[in-house]
Amino acid sequence: MRHLREALSVIVTTALLVGFTLGEGQAASVELVLVSLAVCLPLPLRRRLPVTVAILTAAVSVAGSVIPGWPGRLVAMAALCCAAYYRPLRLPWVLLISVVWMLGYGVVAQKSGPVADLVVLGVALPAVGYALRLQRDRARQTVELRIAETDRLAAEDRARLARDVHDSVGHHLTAIRLQAMAARRALAGTPVLADRVLGTINDLSSSALGEVRALLTTLRTAPGLAEVGDLVHRLSDQDRRITVHGKAVPLPPAVDHAAYRVVQEALTNAVRHTDATEIEVCLRHDRNGMEITVTDNGTSTDDVVEGQGIRGMRERVRALGGTTSIGPRHPHGWSVQARIPA
């Protein structure tokens, strides 16, 4: 279905270019149809190869500008916007391509006007696409922050519910069991029916207490390294690849949860505060504990600004007797290393 839509979009765009040119009084020709089709053919690849598509459409539009009234430059302008939208990390290259294209188009098409106007227009096209990308990313981050806040509130609700159930239901069930046991001892030798009833009360209260404790354990369960795959899936996109080396192994709950939080915060910082396109997570486990390493290929500086997230990582690991190392990685990128004894 998607391929059909892409093919239809190419056909419709080509027809519009030809129709508009004919409407300007130009005669129909094979050259007109071929150049219109050539400038539209790369468009289905604008998501996978946006920069390449921008170069191809720009080149074809310059070649076709010798046809009076042909609006192929509009397709090239749209492709340049798409290149800045889908490849924001390559914005300088897209800007250069756009400016060179505008100057070349002005020379070939013999457009009159100051060179500065052509340069400004060449810069404006990728800027529009980049602004749209920023708006999308901002909206996405807003949604992710709302989801994270919802998860935090839900976790607090579960913890509060667990405390309330433990303080109320657990206490009463324990009291019922103790009273039943005391009554059986006090009424030893009474009819079998009374002893059976008290025994049933004792067994049921003991079973109910066990089920309540199991439910509280479920409510209090914190995420561990087994959920790293879901975390990676949420943070990965077409411009950023996250790979995980190693696998989760059985660990004490406190260590497992702290290791997960370290990976979560390190990935969140790499996604939010760097221009990294490759992020690697290494999980190493031995009999002494767990070692977590998160590295990226983003731009690095020697200044480490420790926000709430980094301080939280250090405090979690330190509370378990572990060590952390957070800072720039040479020749580029950032590195987060944490060693948590088991």
# chains A, B, ... in the order shown; residues from 1 in each chain; ligands from 1

$ residues_around --residues "Leu145 in chain A" --least-positions-apart "6" --cutoff "12 Å" --atoms "only C-alpha atoms" --output "list in words"
Arg138, Ala139, Asp151, Arg152, Thr268 and Arg272 of chain A

$ write_last_selection --atoms "N, CA, C and O atoms" --output "mmCIF file, in the first residue's frame"
data_model
loop_
_atom_site.group_PDB
_atom_site.id
_atom_site.type_symbol
_atom_site.label_atom_id
_atom_site.label_comp_id
_atom_site.auth_asym_id
_atom_site.auth_seq_id
_atom_site.Cartn_x
_atom_site.Cartn_y
_atom_site.Cartn_z
ATOM 1 N N ARG A 138 10.325 18.449 20.027
ATOM 2 C CA ARG A 138 9.847 19.053 21.267
ATOM 3 C C ARG A 138 8.518 18.437 21.693
ATOM 4 O O ARG A 138 8.292 18.149 22.883
ATOM 5 N N ALA A 139 7.642 18.228 20.723
ATOM 6 C CA ALA A 139 6.363 17.590 21.037
ATOM 7 C C ALA A 139 6.565 16.158 21.528
ATOM 8 O O ALA A 139 5.905 15.709 22.473
ATOM 9 N N ASP A 151 4.170 7.445 34.846
ATOM 10 C CA ASP A 151 4.740 6.224 35.425
ATOM 11 C C ASP A 151 5.204 6.449 36.855
ATOM 12 O O ASP A 151 5.028 5.583 37.727
ATOM 13 N N ARG A 152 5.808 7.624 37.100
ATOM 14 C CA ARG A 152 6.271 7.917 38.459
ATOM 15 C C ARG A 152 5.103 8.012 39.431
ATOM 16 O O ARG A 152 5.150 7.456 40.539
ATOM 17 N N THR A 268 19.042 8.435 28.573
ATOM 18 C CA THR A 268 18.233 9.658 28.494
ATOM 19 C C THR A 268 19.120 10.881 28.285
ATOM 20 O O THR A 268 18.815 11.752 27.462
ATOM 21 N N ARG A 272 18.993 13.202 24.993
ATOM 22 C CA ARG A 272 18.471 14.555 25.186
ATOM 23 C C ARG A 272 19.528 15.640 25.039
ATOM 24 O O ARG A 272 19.251 16.729 24.526
#

$ residues_around --residues "Thr299 in chain A" --least-positions-apart "4" --cutoff "9 Å" --atoms "only C-alpha atoms" --output "list in words"
Thr274, Asp275, Ala276, Pro328, His332, Gly333 and Trp334 of chain A

$ residues_around --residues "range 10-12 of chain A" --least-positions-apart "6" --cutoff "8 Å" --atoms "only C-alpha atoms" --output "ChimeraX atom specification"
/A:37,40-41,43-44

$ residues_around --residues "Ala226 in chain A" --least-positions-apart "4" --cutoff "9 Å" --atoms "only C-alpha atoms" --output "JSON, numbers by chain"
{"A": [230, 247, 248, 249, 256, 260]}

$ atom_distance --atom1 "CA of Pro50 in chain A" --atom2 "CA of Asp239 in chain A"
11.9 Å

$ residues_around --residues "Ala266 in chain A" --least-positions-apart "3" --cutoff "7 Å" --atoms "only C-alpha atoms" --output "number ranges by chain"
A: 262-263, 269-270, 294, 336

$ write_last_selection --atoms "C-alpha atoms" --output "PDB file, in the first residue's frame"
ATOM      1  CA  VAL A 262      21.906   3.911  35.632  1.00  0.00           C
ATOM      2  CA  VAL A 263      21.264   2.662  32.078  1.00  0.00           C
ATOM      3  CA  ASN A 269      21.162  12.087  28.832  1.00  0.00           C
ATOM      4  CA  ALA A 270      22.755  10.834  25.599  1.00  0.00           C
ATOM      5  CA  VAL A 294      27.220   3.438  28.245  1.00  0.00           C
ATOM      6  CA  VAL A 336      29.200   6.478  31.810  1.00  0.00           C
TER       7      VAL A 336
END

$ residues_around --residues "Ala58 in chain A" --least-positions-apart "4" --cutoff "10 Å" --atoms "only C-alpha atoms" --output "JSON, numbers by chain"
{"A": [39, 52, 53, 54, 62, 63, 64, 72, 73, 74, 75, 76, 77, 79, 80, 97, 98, 100, 101, 102, 104, 105]}

$ write_last_selection --atoms "C-alpha atoms" --output "PDB file, in the first residue's frame"
ATOM      1  CA  VAL A  39      12.873  15.426 -10.732  1.00  0.00           C
ATOM      2  CA  THR A  52      20.902  12.157  -1.760  1.00  0.00           C
ATOM      3  CA  VAL A  53      17.366  12.937  -2.904  1.00  0.00           C
ATOM      4  CA  ALA A  54      17.964  16.652  -2.292  1.00  0.00           C
ATOM      5  CA  VAL A  62      18.939  23.197 -12.499  1.00  0.00           C
ATOM      6  CA  ALA A  63      19.126  21.230 -15.766  1.00  0.00           C
ATOM      7  CA  GLY A  64      15.420  21.746 -16.401  1.00  0.00           C
ATOM      8  CA  GLY A  72      10.644  21.950 -11.020  1.00  0.00           C
ATOM      9  CA  ARG A  73      12.489  24.123  -8.513  1.00  0.00           C
ATOM     10  CA  LEU A  74       9.517  23.687  -6.144  1.00  0.00           C
ATOM     11  CA  VAL A  75      10.231  19.954  -5.933  1.00  0.00           C
ATOM     12  CA  ALA A  76      13.893  20.651  -5.146  1.00  0.00           C
ATOM     13  CA  MET A  77      12.870  23.140  -2.463  1.00  0.00           C
ATOM     14  CA  ALA A  79      13.416  17.948  -1.016  1.00  0.00           C
ATOM     15  CA  LEU A  80      15.844  20.317   0.721  1.00  0.00           C
ATOM     16  CA  ILE A  97      23.843  22.158  -0.889  1.00  0.00           C
ATOM     17  CA  SER A  98      20.904  24.544  -0.748  1.00  0.00           C
ATOM     18  CA  VAL A 100      25.059  26.188  -4.027  1.00  0.00           C
ATOM     19  CA  TRP A 101      21.835  25.069  -5.686  1.00  0.00           C
ATOM     20  CA  MET A 102      20.266  28.513  -5.425  1.00  0.00           C
ATOM     21  CA  GLY A 104      23.592  27.615  -9.680  1.00  0.00           C
ATOM     22  CA  TYR A 105      19.904  27.901 -10.436  1.00  0.00           C
TER      23      TYR A 105
END
